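Peer 1: Next comes upload.pdb, PDB, C-alpha atoms:
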```
ATOM      1  CA  MET A   1     -14.977 -25.069 123.477  1.00  0.00           C
ATOM      2  CA  LYS A   2     -12.612 -23.657 126.067  1.00  0.00           C
ATOM      3  CA  GLU A   3     -14.049 -20.161 125.629  1.00  0.00           C
ATOM      4  CA  LEU A   4     -17.622 -21.376 126.114  1.00  0.00           C
ATOM      5  CA  TYR A   5     -16.692 -23.415 129.193  1.00  0.00           C
ATOM      6  CA  LEU A   6     -14.986 -20.391 130.758  1.00  0.00           C
ATOM      7  CA  LYS A   7     -17.942 -18.149 129.879  1.00  0.00           C
ATOM      8  CA  ILE A   8     -20.386 -20.584 131.511  1.00  0.00           C
ATOM      9  CA  THR A   9     -18.146 -20.878 134.585  1.00  0.00           C
ATOM     10  CA  ASN A  10     -17.741 -17.120 134.931  1.00  0.00           C
ATOM     11  CA  LYS A  11     -21.451 -16.459 134.388  1.00  0.00           C
ATOM     12  CA  LEU A  12     -22.625 -19.049 136.932  1.00  0.00           C
ATOM     13  CA  THR A  13     -20.159 -17.948 139.621  1.00  0.00           C
ATOM     14  CA  SER A  14     -20.423 -14.193 139.061  1.00  0.00           C
ATOM     15  CA  GLU A  15     -21.730 -11.682 141.580  1.00  0.00           C
ATOM     16  CA  GLU A  16     -24.789 -11.252 139.336  1.00  0.00           C
ATOM     17  CA  ALA A  17     -25.468 -14.997 139.634  1.00  0.00           C
ATOM     18  CA  VAL A  18     -25.061 -15.008 143.420  1.00  0.00           C
ATOM     19  CA  ASN A  19     -27.543 -12.130 143.648  1.00  0.00           C
ATOM     20  CA  LYS A  20     -30.093 -13.910 141.445  1.00  0.00           C
ATOM     21  CA  PHE A  21     -29.821 -17.131 143.464  1.00  0.00           C
ATOM     22  CA  THR A  22     -30.155 -15.137 146.692  1.00  0.00           C
ATOM     23  CA  GLU A  23     -33.302 -13.396 145.387  1.00  0.00           C
ATOM     24  CA  LYS A  24     -34.884 -16.830 144.849  1.00  0.00           C
ATOM     25  CA  ASN A  25     -33.716 -18.046 148.288  1.00  0.00           C
ATOM     26  CA  VAL A  26     -31.618 -20.875 146.832  1.00  0.00           C
ATOM     27  CA  ARG A  27     -27.939 -21.699 147.141  1.00  0.00           C
ATOM     28  CA  ALA A  28     -25.542 -20.397 144.485  1.00  0.00           C
ATOM     29  CA  VAL A  29     -23.551 -22.759 142.276  1.00  0.00           C
ATOM     30  CA  GLY A  30     -20.757 -24.296 144.342  1.00  0.00           C
ATOM     31  CA  GLN A  31     -18.809 -25.944 141.521  1.00  0.00           C
ATOM     32  CA  VAL A  32     -18.613 -25.942 137.733  1.00  0.00           C
ATOM     33  CA  ASP A  33     -16.677 -28.735 136.028  1.00  0.00           C
ATOM     34  CA  LEU A  34     -16.546 -30.839 132.903  1.00  0.00           C
ATOM     35  CA  TYR A  35     -18.784 -33.893 133.209  1.00  0.00           C
ATOM     36  CA  ARG A  36     -16.974 -37.169 133.897  1.00  0.00           C
ATOM     37  CA  GLY A  37     -19.684 -39.050 135.795  1.00  0.00           C
ATOM     38  CA  GLN A  38     -18.849 -37.350 139.093  1.00  0.00           C
ATOM     39  CA  TYR A  39     -22.258 -37.927 140.670  1.00  0.00           C
ATOM     40  CA  LEU A  40     -22.420 -41.523 139.431  1.00  0.00           C
ATOM     41  CA  TYR A  41     -18.983 -42.623 140.610  1.00  0.00           C
ATOM     42  CA  GLU A  42     -18.442 -40.546 143.725  1.00  0.00           C
ATOM     43  CA  LYS A  43     -15.671 -42.818 145.037  1.00  0.00           C
ATOM     44  CA  ASP A  44     -13.538 -42.115 141.946  1.00  0.00           C
ATOM     45  CA  PHE A  45     -13.629 -38.316 142.294  1.00  0.00           C
ATOM     46  CA  GLU A  46     -12.972 -35.649 144.836  1.00  0.00           C
ATOM     47  CA  GLN A  47     -16.052 -34.459 146.635  1.00  0.00           C
ATOM     48  CA  LEU A  48     -18.546 -32.728 144.376  1.00  0.00           C
ATOM     49  CA  ILE A  49     -19.488 -29.382 145.891  1.00  0.00           C
ATOM     50  CA  LEU A  50     -23.246 -29.046 145.505  1.00  0.00           C
ATOM     51  CA  PRO A  51     -25.057 -27.429 143.896  1.00  0.00           C
ATOM     52  CA  ALA A  52     -22.925 -28.105 140.855  1.00  0.00           C
ATOM     53  CA  VAL A  53     -23.118 -27.749 137.090  1.00  0.00           C
ATOM     54  CA  LEU A  54     -21.211 -30.261 134.975  1.00  0.00           C
ATOM     55  CA  MET A  55     -20.713 -29.581 131.272  1.00  0.00           C
ATOM     56  CA  GLU A  56     -20.712 -32.264 128.596  1.00  0.00           C
ATOM     57  CA  TYR A  57     -20.495 -31.425 124.898  1.00  0.00           C
ATOM     58  CA  SER A  58     -20.656 -32.944 121.440  1.00  0.00           C
ATOM     59  CA  ILE A  59     -19.535 -31.190 118.256  1.00  0.00           C
ATOM     60  CA  ASN A  60     -20.882 -31.931 114.791  1.00  0.00           C
ATOM     61  CA  VAL A  61     -18.115 -30.729 112.476  1.00  0.00           C
ATOM     62  CA  GLN A  62     -20.145 -31.459 109.331  1.00  0.00           C
ATOM     63  CA  ASN A  63     -22.829 -28.897 110.099  1.00  0.00           C
ATOM     64  CA  ASN A  64     -20.789 -26.643 112.433  1.00  0.00           C
ATOM     65  CA  SER A  65     -22.984 -27.141 115.486  1.00  0.00           C
ATOM     66  CA  ALA A  66     -22.511 -28.182 119.080  1.00  0.00           C
ATOM     67  CA  THR A  67     -24.745 -29.827 121.644  1.00  0.00           C
ATOM     68  CA  ILE A  68     -24.090 -28.809 125.233  1.00  0.00           C
ATOM     69  CA  ASN A  69     -25.488 -30.900 128.106  1.00  0.00           C
ATOM     70  CA  LEU A  70     -25.413 -29.262 131.505  1.00  0.00           C
ATOM     71  CA  HIS A  71     -25.871 -31.713 134.375  1.00  0.00           C
ATOM     72  CA  CYS A  72     -27.332 -29.565 137.149  1.00  0.00           C
ATOM     73  CA  CYS A  73     -26.743 -31.342 140.469  1.00  0.00           C
ATOM     74  CA  TRP A  74     -28.644 -30.507 143.632  1.00  0.00           C
ATOM     75  CA  GLU A  75     -28.488 -32.209 146.998  1.00  0.00           C
ATOM     76  CA  GLN A  76     -32.038 -33.066 148.023  1.00  0.00           C
ATOM     77  CA  PHE A  77     -32.543 -32.843 151.790  1.00  0.00           C
ATOM     78  CA  TYR A  78     -36.331 -32.954 151.821  1.00  0.00           C
ATOM     79  CA  GLU A  79     -39.046 -35.196 150.428  1.00  0.00           C
ATOM     80  CA  THR A  80     -41.028 -33.942 147.444  1.00  0.00           C
ATOM     81  CA  ASP A  81     -44.161 -35.992 148.038  1.00  0.00           C
ATOM     82  CA  ASN A  82     -47.488 -34.302 148.753  1.00  0.00           C
ATOM     83  CA  LYS A  83     -47.458 -35.419 152.415  1.00  0.00           C
ATOM     84  CA  SER A  84     -44.104 -33.850 153.216  1.00  0.00           C
ATOM     85  CA  PHE A  85     -44.075 -30.929 155.659  1.00  0.00           C
ATOM     86  CA  GLU A  86     -41.027 -29.582 153.796  1.00  0.00           C
ATOM     87  CA  GLN A  87     -42.351 -29.946 150.257  1.00  0.00           C
ATOM     88  CA  GLU A  88     -41.850 -26.258 149.439  1.00  0.00           C
ATOM     89  CA  LYS A  89     -38.186 -26.466 150.429  1.00  0.00           C
ATOM     90  CA  ALA A  90     -37.791 -29.682 148.447  1.00  0.00           C
ATOM     91  CA  LEU A  91     -39.187 -28.018 145.344  1.00  0.00           C
ATOM     92  CA  GLN A  92     -36.679 -25.151 145.513  1.00  0.00           C
ATOM     93  CA  PHE A  93     -34.670 -27.224 143.057  1.00  0.00           C
ATOM     94  CA  PHE A  94     -37.020 -25.922 140.344  1.00  0.00           C
ATOM     95  CA  ASP A  95     -36.359 -22.319 141.390  1.00  0.00           C
ATOM     96  CA  TRP A  96     -32.638 -23.022 141.160  1.00  0.00           C
ATOM     97  CA  GLN A  97     -33.093 -24.403 137.627  1.00  0.00           C
ATOM     98  CA  ASP A  98     -35.008 -21.269 136.629  1.00  0.00           C
ATOM     99  CA  VAL A  99     -32.110 -19.068 137.739  1.00  0.00           C
ATOM    100  CA  LEU A 100     -29.610 -21.256 135.876  1.00  0.00           C
ATOM    101  CA  TYR A 101     -31.631 -21.025 132.683  1.00  0.00           C
ATOM    102  CA  ASP A 102     -32.044 -17.269 133.082  1.00  0.00           C
ATOM    103  CA  LEU A 103     -28.269 -16.852 133.420  1.00  0.00           C
ATOM    104  CA  LEU A 104     -27.411 -19.089 130.455  1.00  0.00           C
ATOM    105  CA  TYR A 105     -30.168 -18.039 128.057  1.00  0.00           C
ATOM    106  CA  LYS A 106     -28.535 -16.978 124.772  1.00  0.00           C
ATOM    107  CA  LEU A 107     -25.006 -17.027 126.218  1.00  0.00           C
ATOM    108  CA  GLU A 108     -22.405 -17.112 123.435  1.00  0.00           C
ATOM    109  CA  SER A 109     -18.640 -17.172 123.082  1.00  0.00           C
ATOM    110  CA  LYS A 110     -15.948 -16.434 120.520  1.00  0.00           C
ATOM    111  CA  ASN A 111     -16.419 -19.778 118.731  1.00  0.00           C
ATOM    112  CA  THR A 112     -20.074 -20.507 119.470  1.00  0.00           C
ATOM    113  CA  GLY A 113     -23.378 -18.935 118.667  1.00  0.00           C
ATOM    114  CA  LYS A 114     -26.071 -18.287 121.255  1.00  0.00           C
ATOM    115  CA  LEU A 115     -27.172 -21.206 123.395  1.00  0.00           C
ATOM    116  CA  SER A 116     -30.646 -22.371 122.466  1.00  0.00           C
ATOM    117  CA  LEU A 117     -32.493 -24.743 124.790  1.00  0.00           C
ATOM    118  CA  VAL A 118     -33.520 -27.944 122.992  1.00  0.00           C
ATOM    119  CA  THR A 119     -34.583 -30.283 125.797  1.00  0.00           C
ATOM    120  CA  GLU A 120     -34.463 -30.638 129.535  1.00  0.00           C
ATOM    121  CA  SER A 121     -34.973 -33.735 131.630  1.00  0.00           C
ATOM    122  CA  SER A 122     -34.176 -35.367 134.918  1.00  0.00           C
ATOM    123  CA  ALA A 123     -31.355 -37.903 134.999  1.00  0.00           C
ATOM    124  CA  LYS A 124     -32.589 -41.480 135.069  1.00  0.00           C
ATOM    125  CA  ASP A 125     -29.519 -42.812 136.902  1.00  0.00           C
ATOM    126  CA  ASP A 126     -29.470 -44.229 140.411  1.00  0.00           C
ATOM    127  CA  THR A 127     -27.846 -41.443 142.336  1.00  0.00           C
ATOM    128  CA  PRO A 128     -28.560 -39.759 145.666  1.00  0.00           C
ATOM    129  CA  THR A 129     -28.040 -36.424 143.911  1.00  0.00           C
ATOM    130  CA  ASN A 130     -30.977 -34.802 142.137  1.00  0.00           C
ATOM    131  CA  VAL A 131     -29.787 -34.141 138.563  1.00  0.00           C
ATOM    132  CA  HIS A 132     -31.543 -32.088 135.911  1.00  0.00           C
ATOM    133  CA  ILE A 133     -30.047 -31.961 132.403  1.00  0.00           C
ATOM    134  CA  PHE A 134     -30.372 -28.915 130.174  1.00  0.00           C
ATOM    135  CA  THR A 135     -29.525 -29.672 126.531  1.00  0.00           C
ATOM    136  CA  PHE A 136     -28.578 -26.632 124.473  1.00  0.00           C
ATOM    137  CA  GLU A 137     -27.545 -26.342 120.832  1.00  0.00           C
ATOM    138  CA  CYS A 138     -25.486 -23.636 119.202  1.00  0.00           C
ATOM    139  CA  SER A 139     -23.442 -22.980 116.108  1.00  0.00           C
ATOM    140  CA  TYR A 140     -19.769 -23.864 116.431  1.00  0.00           C
ATOM    141  CA  MET A 141     -16.887 -22.306 114.532  1.00  0.00           C
ATOM    142  CA  GLY A 142     -13.952 -23.637 116.555  1.00  0.00           C
ATOM    143  CA  ARG A 143     -12.420 -26.019 114.044  1.00  0.00           C
ATOM    144  CA  VAL A 144     -13.888 -24.551 110.906  1.00  0.00           C
ATOM    145  CA  LYS A 145     -11.243 -23.724 108.316  1.00  0.00           C
ATOM    146  CA  LYS A 146     -11.451 -20.776 105.990  1.00  0.00           C
ATOM    147  CA  ALA A 147     -12.871 -21.529 102.547  1.00  0.00           C
ATOM    148  CA  ASP A 148      -9.513 -20.870 100.845  1.00  0.00           C
ATOM    149  CA  ASP A 149      -7.556 -23.263 103.099  1.00  0.00           C
ATOM    150  CA  GLY A 150      -8.008 -26.175 100.667  1.00  0.00           C
ATOM    151  CA  TYR A 151      -6.425 -24.441  97.683  1.00  0.00           C
ATOM    152  CA  GLU A 152      -2.854 -24.083  96.569  1.00  0.00           C
ATOM    153  CA  PHE A 153      -2.116 -20.653  95.226  1.00  0.00           C
ATOM    154  CA  ALA A 154       0.243 -20.103  92.314  1.00  0.00           C
ATOM    155  CA  GLN A 155       1.962 -17.017  91.063  1.00  0.00           C
ATOM    156  CA  GLY A 156       1.634 -16.457  87.319  1.00  0.00           C
ATOM    157  CA  GLU A 157       3.489 -14.340  84.788  1.00  0.00           C
ATOM    158  CA  ASP A 158       3.109 -10.615  84.933  1.00  0.00           C
ATOM    159  CA  ILE A 159       1.026  -9.428  82.008  1.00  0.00           C
ATOM    160  CA  THR A 160       1.100  -5.908  80.717  1.00  0.00           C
ATOM    161  CA  ALA A 161      -1.534  -4.477  78.429  1.00  0.00           C
ATOM    162  CA  ASN A 162      -1.398  -1.429  76.226  1.00  0.00           C
ATOM    163  CA  GLY A 163      -4.197   0.139  74.301  1.00  0.00           C
ATOM    164  CA  THR A 164      -7.706   1.242  74.830  1.00  0.00           C
ATOM    165  CA  ILE A 165     -10.970  -0.517  75.221  1.00  0.00           C
ATOM    166  CA  ASN A 166     -13.331   0.004  72.320  1.00  0.00           C
ATOM    167  CA  THR A 167     -16.989   0.148  73.077  1.00  0.00           C
ATOM    168  CA  LYS A 168     -19.837   0.281  70.648  1.00  0.00           C
ATOM    169  CA  PRO A 169     -21.849   3.446  70.840  1.00  0.00           C
ATOM    170  CA  ASP A 170     -25.387   3.109  72.167  1.00  0.00           C
ATOM    171  CA  PRO A 171     -27.802   2.380  69.339  1.00  0.00           C
ATOM    172  CA  GLU A 172     -30.082   5.164  68.314  1.00  0.00           C
ATOM    173  CA  TYR A 173     -33.758   4.460  68.598  1.00  0.00           C
ATOM    174  CA  ASP A 174     -36.466   6.130  66.599  1.00  0.00           C
ATOM    175  CA  PHE A 175     -39.537   6.212  68.801  1.00  0.00           C
ATOM    176  CA  GLU A 176     -41.642   8.266  66.404  1.00  0.00           C
ATOM    177  CA  LEU A 177     -43.260   5.833  64.064  1.00  0.00           C
TER
END
```
Can the structure in the file be given as structure tokens, please?

Peer 2:
Amino acid sequence: MKELYLKITNKLTSEEAVNKFTEKNVRAVGQVDLYRGQYLYEKDFEQLILPAVLMEYSINVQNNSATINLHCCWEQFYETDNKSFEQEKALQFFDWQDVLYDLLYKLESKNTGKLSLVTESSAKDDTPTNVHIFTFECSYMGRVKKADDGYEFAQGEDITANGTINTKPDPEYDFEL
């Protein structure tokens, strides 16, 4: 999982990412971290630098798959209601999400297959931070053992063989009847 986390971090903070965010007139990712409830329990953590992406994962060893939840945190300065004079600025959060998805689409690492989006939703928690959660699935080979790992190998006696192999000649067919 370390390789995937580093790939996500590098991708979201790369020069390519900064350029894509700039093209959409939204702020680039300020922080990438593993999810530990940072936006829910702000007093227990150092300041979260927004916008931020927090990674949470679950691995199913039985079917060699992983579920990756990315908590995408955005500080909302403006009202989103239809009467707001700054509604367009408030809705830039959706543009930011589009760039994130574009950067992460089919990202893969040494031990994971390509990320495939399964669901996305807004966080239902009481938090002043606007949080959108992307849920991806991918194959996972991190703790998979080779098929021959469960066997004990034994060395047998050396056998020598002399002689020739006898084969029967091909039968003759009479096709003229």

Peer 1: List the residues selected by the PyMOL selection byres ((chain A and resi 7) around 12) in the file shown, writing them as a ChimeraX atom specification.

Peer 2: /A:1-6,8-14,32,55,103-104,106-112,114-115

Peer 1: Could you list, as a PyMOL selection string, every residue within 12 Å of A:Lys20, counting only C-alpha atoms and ignoring same-chain residues fewer than 2 positions away?

Peer 2: chain A and resi 11-18+22-29+95-103

Peer 1: Of the candidates A:Leu40, A:Ala154, A:Ala66, A:Leu34, which one gets nearest to A:Met141 if we count only C-alpha atoms?

Peer 2: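 Nearest candidate to A:Met141 out of A:Leu40, A:Ala154, A:Ala66, A:Leu34: A:Ala66.
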
Peer 1: In terms of the shortest atom-to-atom distance over only C-alpha atoms, which of A:Pro169, A:Pro128, A:Pro51, A:Gly113 is closest to A:Ser65?

Peer 2: A:Gly113

Peer 1: Kindly provide, as AutoDock Vina command-line options, the centre and edge lengths (Å, one decimal) of an axis-aligned box around all atoms of stretch 89-95 of chain A given in the file, with 8 Å on each side.

Peer 2:
```
--center_x -36.9 --center_y -26.0 --center_z 145.4 --size_x 20.5 --size_y 23.4 --size_z 26.1
```

Peer 1: Between A:Asn162, A:Gln155, A:Thr167, A:Thr129, which one has atoms that come closest to A:Gln38, using all atoms listed in the file?

Peer 2: A:Thr129

Peer 1: Of the candidates A:Phe134, A:Phe94, A:Tyr41, A:Tyr173, which shows the shortest atom-to-atom distance to A:Tyr57, using all atoms listed in the file?

Peer 2: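 Going through A:Phe134, A:Phe94, A:Tyr41, A:Tyr173 one by one, the smallest distance to A:Tyr57 is for A:Phe134.
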